[in-house]
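S.K.: Below is start.pdb; it holds PDB, C-alpha atoms.
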```pdb
ATOM      1  CA  MET Q 794      44.641  35.588  35.216
ATOM      2  CA  ARG Q 795      41.602  36.478  33.189
ATOM      3  CA  LYS Q 796      43.533  36.093  29.903
ATOM      4  CA  PHE Q 797      44.795  32.691  31.055
ATOM      5  CA  PHE Q 798      41.215  31.546  31.806
ATOM      6  CA  ILE Q 799      39.986  32.740  28.381
ATOM      7  CA  LEU Q 800      42.936  31.058  26.645
ATOM      8  CA  CYS Q 801      42.323  27.743  28.488
ATOM      9  CA  SER Q 802      38.587  27.896  27.764
ATOM     10  CA  ALA Q 803      39.229  28.567  24.086
ATOM     11  CA  SER Q 804      41.735  25.690  23.913
ATOM     12  CA  ILE Q 805      39.365  23.241  25.586
ATOM     13  CA  LEU Q 806      36.502  24.371  23.359
ATOM     14  CA  SER Q 807      38.716  23.963  20.267
ATOM     15  CA  LEU Q 808      39.719  20.432  21.284
ATOM     16  CA  PHE Q 809      36.102  19.561  21.982
ATOM     17  CA  LEU Q 810      34.971  20.888  18.591
ATOM     18  CA  VAL Q 811      37.763  19.012  16.778
ATOM     19  CA  GLY Q 812      36.632  15.775  18.447
ATOM     20  CA  CYS Q 813      33.012  16.554  17.614
ATOM     21  CA  SER Q 814      33.775  17.241  13.966
ATOM     22  CA  ASP Q 815      35.032  13.672  13.532
ATOM     23  CA  THR Q 816      31.938  12.327  15.271
ATOM     24  CA  LEU Q 817      29.720  14.668  13.290
ATOM     25  CA  SER Q 818      31.346  13.472  10.075
ATOM     26  CA  GLU Q 819      30.726   9.836  11.070
ATOM     27  CA  ILE Q 820      27.084  10.636  11.886
ATOM     28  CA  LYS Q 821      26.628  12.312   8.484
ATOM     29  CA  GLN Q 822      28.137   9.282   6.712
ATOM     30  CA  ALA Q 823      25.896   6.886   8.649
ATOM     31  CA  ALA Q 824      22.807   8.984   7.890
ATOM     32  CA  SER Q 825      23.773   9.094   4.226
ATOM     33  CA  GLY Q 826      24.126   5.305   4.170
ATOM     34  CA  ILE Q 827      20.738   4.854   5.840
ATOM     35  CA  ASN Q 828      19.134   7.259   3.362
ATOM     36  CA  ASP Q 829      20.690   5.409   0.393
ATOM     37  CA  ALA Q 830      19.467   2.057   1.721
ATOM     38  CA  ALA Q 831      15.969   3.466   2.253
ATOM     39  CA  ASP Q 832      15.902   4.877  -1.287
ATOM     40  CA  LYS Q 833      16.991   1.523  -2.731
ATOM     41  CA  ALA Q 834      14.331  -0.318  -0.719
ATOM     42  CA  ALA Q 835      11.610   2.141  -1.748
ATOM     43  CA  THR Q 836      12.595   1.802  -5.396
ATOM     44  CA  ALA Q 837      12.562  -2.001  -5.179
ATOM     45  CA  ILE Q 838       9.148  -2.040  -3.494
ATOM     46  CA  SER Q 839       7.650   0.416  -5.967
ATOM     47  CA  GLN Q 840       8.999  -1.678  -8.864
ATOM     48  CA  ASP Q 841       7.423  -4.788  -7.344
ATOM     49  CA  VAL Q 842       4.109  -3.003  -6.821
ATOM     50  CA  HIS Q 843       4.122  -1.821 -10.421
ATOM     51  CA  SER Q 844       4.927  -5.286 -11.721
ATOM     52  CA  VAL Q 845       2.086  -6.813  -9.654
ATOM     53  CA  ARG Q 846      -0.305  -4.079 -10.791
ATOM     54  CA  ALA Q 847       0.652  -4.899 -14.390
ATOM     55  CA  ILE Q 848      -0.356  -8.579 -14.084
ATOM     56  CA  GLU Q 849      -2.712  -9.392 -16.938
ATOM     57  CA  ILE Q 850      -5.986 -11.127 -16.164
ATOM     58  CA  SER Q 851      -7.769 -13.102 -18.833
ATOM     59  CA  TYR Q 852     -11.427 -13.520 -17.913
ATOM     60  CA  ASN Q 853     -14.423 -14.349 -20.115
ATOM     61  CA  GLY Q 854     -12.560 -13.455 -23.289
ATOM     62  CA  GLN Q 855     -11.318 -10.101 -21.992
ATOM     63  CA  ILE Q 856      -7.817  -9.160 -20.952
ATOM     64  CA  PHE Q 857      -7.162  -6.449 -18.387
ATOM     65  CA  THR Q 858      -4.578  -5.662 -15.715
ATOM     66  CA  VAL Q 859      -4.884  -5.629 -11.953
ATOM     67  CA  ASN Q 860      -4.427  -1.858 -12.155
ATOM     68  CA  ASP Q 861      -7.266  -1.477 -14.713
ATOM     69  CA  LEU Q 862      -9.573  -3.591 -12.580
ATOM     70  CA  PHE Q 863      -9.210  -1.759  -9.301
ATOM     71  CA  LYS Q 864      -8.824   1.752 -10.697
ATOM     72  CA  THR Q 865     -12.209   1.190 -12.382
ATOM     73  CA  ILE Q 866     -14.231  -0.498  -9.643
ATOM     74  CA  LEU Q 867     -12.915   1.518  -6.656
ATOM     75  CA  ARG Q 868     -12.420   5.183  -5.918
ATOM     76  CA  ASP Q 869      -9.491   6.685  -3.986
ATOM     77  CA  VAL Q 870      -7.393   3.560  -4.588
ATOM     78  CA  GLN Q 871      -4.316   2.921  -2.453
ATOM     79  CA  TRP Q 872      -1.851   0.077  -3.004
ATOM     80  CA  HIS Q 873       0.050  -1.732  -0.232
ATOM     81  CA  TYR Q 874       2.585  -4.379  -1.222
ATOM     82  CA  GLU Q 875       3.875  -6.931   1.274
ATOM     83  CA  GLN Q 876       6.587  -9.529   0.746
ATOM     84  CA  GLU Q 877       7.192 -12.104   3.467
ATOM     85  CA  GLU Q 878       9.627 -14.891   2.670
ATOM     86  CA  ASP Q 879       7.897 -16.746  -0.184
ATOM     87  CA  LYS Q 880       4.496 -15.083   0.285
ATOM     88  CA  THR Q 881       3.529 -11.958  -1.640
ATOM     89  CA  SER Q 882       0.307 -10.055  -1.172
ATOM     90  CA  LEU Q 883      -1.182  -6.893  -2.593
ATOM     91  CA  LYS Q 884      -3.637  -5.014  -0.412
ATOM     92  CA  ILE Q 885      -5.882  -2.595  -2.271
ATOM     93  CA  THR Q 886      -8.013  -0.133  -0.345
ATOM     94  CA  GLY Q 887     -10.517   2.425  -1.551
ATOM     95  CA  THR Q 888     -14.114   3.517  -1.446
ATOM     96  CA  TRP Q 889     -16.725   1.639  -3.384
ATOM     97  CA  GLN Q 890     -18.595   2.539  -6.535
ATOM     98  CA  PRO Q 891     -22.358   2.854  -5.834
ATOM     99  CA  ASP Q 892     -23.418  -0.473  -7.389
ATOM    100  CA  LEU Q 893     -20.329  -2.565  -6.652
ATOM    101  CA  PHE Q 894     -21.934  -4.830  -4.057
ATOM    102  CA  ALA Q 895     -25.570  -4.411  -5.094
ATOM    103  CA  SER Q 896     -26.206  -8.148  -5.255
ATOM    104  CA  TYR Q 897     -25.090  -8.545  -1.633
ATOM    105  CA  GLY Q 898     -28.312  -6.965  -0.304
ATOM    106  CA  ILE Q 899     -26.926  -3.651   0.870
ATOM    107  CA  GLY Q 900     -29.955  -1.383   1.401
ATOM    108  CA  LYS Q 901     -30.547   1.687  -0.760
ATOM    109  CA  SER Q 902     -30.521   3.977   2.273
ATOM    110  CA  ASN Q 903     -26.938   2.919   2.994
ATOM    111  CA  LYS Q 904     -25.692   3.271  -0.598
ATOM    112  CA  SER Q 905     -25.241   7.048  -0.551
ATOM    113  CA  SER Q 906     -23.362   6.904   2.753
ATOM    114  CA  LEU Q 907     -21.302   3.947   1.614
ATOM    115  CA  ALA Q 908     -20.304   5.713  -1.580
ATOM    116  CA  ASN Q 909     -18.545   8.340   0.527
ATOM    117  CA  ASP Q 910     -17.511   6.481   3.662
ATOM    118  CA  GLY Q 911     -17.568   2.749   2.881
ATOM    119  CA  GLU Q 912     -14.041   1.359   2.976
ATOM    120  CA  VAL Q 913     -13.305  -1.590   0.702
ATOM    121  CA  THR Q 914     -10.206  -3.689   1.354
ATOM    122  CA  ILE Q 915      -9.108  -6.358  -1.094
ATOM    123  CA  VAL Q 916      -6.118  -8.591  -0.420
ATOM    124  CA  LEU Q 917      -4.736 -10.600  -3.328
ATOM    125  CA  GLY Q 918      -2.216 -13.386  -2.899
ATOM    126  CA  VAL Q 919       0.365 -13.411  -5.691
ATOM    127  CA  ASP Q 920       2.869 -16.088  -6.670
ATOM    128  CA  ASN Q 921       5.192 -15.652  -9.685
ATOM    129  CA  HIS Q 922       2.934 -12.958 -11.140
ATOM    130  CA  ILE Q 923      -0.131 -15.181 -10.879
ATOM    131  CA  ILE Q 924      -3.081 -14.190  -8.716
ATOM    132  CA  LEU Q 925      -3.914 -16.892  -6.199
ATOM    133  CA  GLU Q 926      -7.710 -16.914  -6.337
ATOM    134  CA  ASP Q 927      -8.069 -18.925  -3.118
ATOM    135  CA  ALA Q 928      -6.024 -16.288  -1.240
ATOM    136  CA  THR Q 929      -8.392 -13.433  -2.153
ATOM    137  CA  HIS Q 930     -10.081 -11.645   0.750
ATOM    138  CA  VAL Q 931     -12.584  -8.772   0.396
ATOM    139  CA  THR Q 932     -14.103  -6.708   3.198
ATOM    140  CA  LEU Q 933     -16.478  -3.750   3.173
ATOM    141  CA  LEU Q 934     -16.487  -1.642   6.322
ATOM    142  CA  TYR Q 935     -18.837   1.174   7.185
ATOM    143  CA  ASP Q 936     -18.818   3.099  10.429
ATOM    144  CA  GLY Q 937     -16.857   0.347  12.192
ATOM    145  CA  ASP Q 938     -19.243  -2.408  11.057
ATOM    146  CA  THR Q 939     -18.279  -5.170   8.644
ATOM    147  CA  LEU Q 940     -20.952  -5.307   5.945
ATOM    148  CA  LEU Q 941     -19.132  -7.794   3.736
ATOM    149  CA  ASP Q 942     -16.385 -10.301   4.481
ATOM    150  CA  GLU Q 943     -15.747 -12.804   1.672
ATOM    151  CA  ASN Q 944     -12.848 -15.087   0.772
ATOM    152  CA  GLY Q 945     -11.900 -17.119  -2.257
ATOM    153  CA  PRO Q 946     -12.400 -17.262  -5.995
ATOM    154  CA  GLU Q 947     -16.144 -16.481  -5.906
ATOM    155  CA  ILE Q 948     -15.645 -12.911  -4.672
ATOM    156  CA  LEU Q 949     -12.734 -12.382  -7.080
ATOM    157  CA  HIS Q 950     -14.868 -13.546 -10.006
ATOM    158  CA  TYR Q 951     -17.641 -11.251  -8.752
ATOM    159  CA  LEU Q 952     -15.204  -8.311  -9.053
ATOM    160  CA  TYR Q 953     -14.135  -9.489 -12.518
ATOM    161  CA  ASP Q 954     -17.794  -9.736 -13.597
ATOM    162  CA  TYR Q 955     -18.514  -6.257 -12.273
ATOM    163  CA  TYR Q 956     -15.513  -4.853 -14.168
ATOM    164  CA  THR Q 957     -16.271  -6.618 -17.464
ATOM    165  CA  ALA Q 958     -19.940  -5.546 -17.337
ATOM    166  CA  LYS Q 959     -18.956  -1.853 -17.230
TER
END
```
Can the structure from this file be put into structure tokens for me?
M.R.:
Amino acid sequence: MRKFFILCSASILSLFLVGCSDTLSEIKQAASGINDAADKAATAISQDVHSVRAIEISYNGQIFTVNDLFKTILRDVQWHYEQEEDKTSLKITGTWQPDLFASYGIGKSNKSSLANDGEVTIVLGVDNHIILEDATHVTLLYDGDTLLDENGPEILHYLYDYYTAK
């Protein structure tokens, strides 16, 4: 009786494992397909980010790229690319250089703290590898407070002027 029970248990377990191996194989194939799709999407996004970062800007007789501009005027730069239907935007975050917003009346006592903890966020609208100046938005946050919130071509030209003066 005991041998019969062991034999039946082994047979049922074998049938169960055979059924699971097919399911396990299907799960592995599905996971592989998801991983391949994710890799393709990541590659496409990173290519788009690099192409946007390589956009050349001609300003006051100087030519520089988006990458040159923000790697110079910000520290700890991070790039976030977003594509929604026909709208493309590049969000650049980082910490500010000590004199970046000096003309905006930020007090000297705050400058040392801002240099370490002030978070600058710049959003650029992009269409066919052209920066949309009207779609530019710049914010400077410190300790949960918004110290600067500017939109449009004036703030973008301010950043260009800061870069070209360096």
S.K.: Segment 932-937 of chain Q: which residues within 8 Å, counting all atoms listed in the file, same-chain residues fewer than 4 positions away excluded, as a list in words?
M.R.: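 Result of the neighbour search: Leu907, Asp910, Gly911, Glu912, Val913, Thr914, Ile915, Leu941, Asp942 and Glu943 of chain Q.
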S.K.: Put a box with edges along x, y and z around all the listed atoms of segment 853-857 of chain Q, pad it by 8 Å on each side, then give me its centre and sizes in Å, one decimal, as AutoDock Vina command-line options.
M.R.:
```
--center_x -10.8 --center_y -10.4 --center_z -20.8 --size_x 23.3 --size_y 23.9 --size_z 20.9
```
S.K.: Kindly give the distance, in Å, that separates atom CA of Ile848 of chain Q and atom CA of Leu940 of chain Q, rounded to a single decimal.
M.R.: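 Separation of atom CA of Ile848 of chain Q and atom CA of Leu940 of chain Q: 28.9 Å.
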S.K.: So, counting all atoms listed in the file, which residue among Q:Asp892, Q:Asp869, Q:Asp879, Q:Asp861 is closest to Tyr953 of chain Q?
M.R.: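 Counting all atoms listed in the file, the residue closest to Tyr953 of chain Q is Q:Asp861.
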S.K.: Run the PyMOL selection byres ((chain Q and resi 922-925) around 12) mentally over the shown coordinates, then write out the matched residues as a PyMOL selection string, using the chain letters and numbers from the document.
M.R.: chain Q and resi 841-851+858-859+880-883+916-921+926-930+944-946+949-950
S.K.: Given the selection you just returned, output its residues as a file containing C-alpha atoms, formatted as a compact mmCIF listing (two decimals), in the frame of the given file.
M.R.:
```txt
# COMPACT_ATOMS: atom_id res chain seq x y z
CA ASP Q 841 7.42 -4.79 -7.34
CA VAL Q 842 4.11 -3.00 -6.82
CA HIS Q 843 4.12 -1.82 -10.42
CA SER Q 844 4.93 -5.29 -11.72
CA VAL Q 845 2.09 -6.81 -9.65
CA ARG Q 846 -0.30 -4.08 -10.79
CA ALA Q 847 0.65 -4.90 -14.39
CA ILE Q 848 -0.36 -8.58 -14.08
CA GLU Q 849 -2.71 -9.39 -16.94
CA ILE Q 850 -5.99 -11.13 -16.16
CA SER Q 851 -7.77 -13.10 -18.83
CA THR Q 858 -4.58 -5.66 -15.72
CA VAL Q 859 -4.88 -5.63 -11.95
CA LYS Q 880 4.50 -15.08 0.28
CA THR Q 881 3.53 -11.96 -1.64
CA SER Q 882 0.31 -10.06 -1.17
CA LEU Q 883 -1.18 -6.89 -2.59
CA VAL Q 916 -6.12 -8.59 -0.42
CA LEU Q 917 -4.74 -10.60 -3.33
CA GLY Q 918 -2.22 -13.39 -2.90
CA VAL Q 919 0.36 -13.41 -5.69
CA ASP Q 920 2.87 -16.09 -6.67
CA ASN Q 921 5.19 -15.65 -9.68
CA GLU Q 926 -7.71 -16.91 -6.34
CA ASP Q 927 -8.07 -18.92 -3.12
CA ALA Q 928 -6.02 -16.29 -1.24
CA THR Q 929 -8.39 -13.43 -2.15
CA HIS Q 930 -10.08 -11.64 0.75
CA ASN Q 944 -12.85 -15.09 0.77
CA GLY Q 945 -11.90 -17.12 -2.26
CA PRO Q 946 -12.40 -17.26 -6.00
CA LEU Q 949 -12.73 -12.38 -7.08
CA HIS Q 950 -14.87 -13.55 -10.01
```
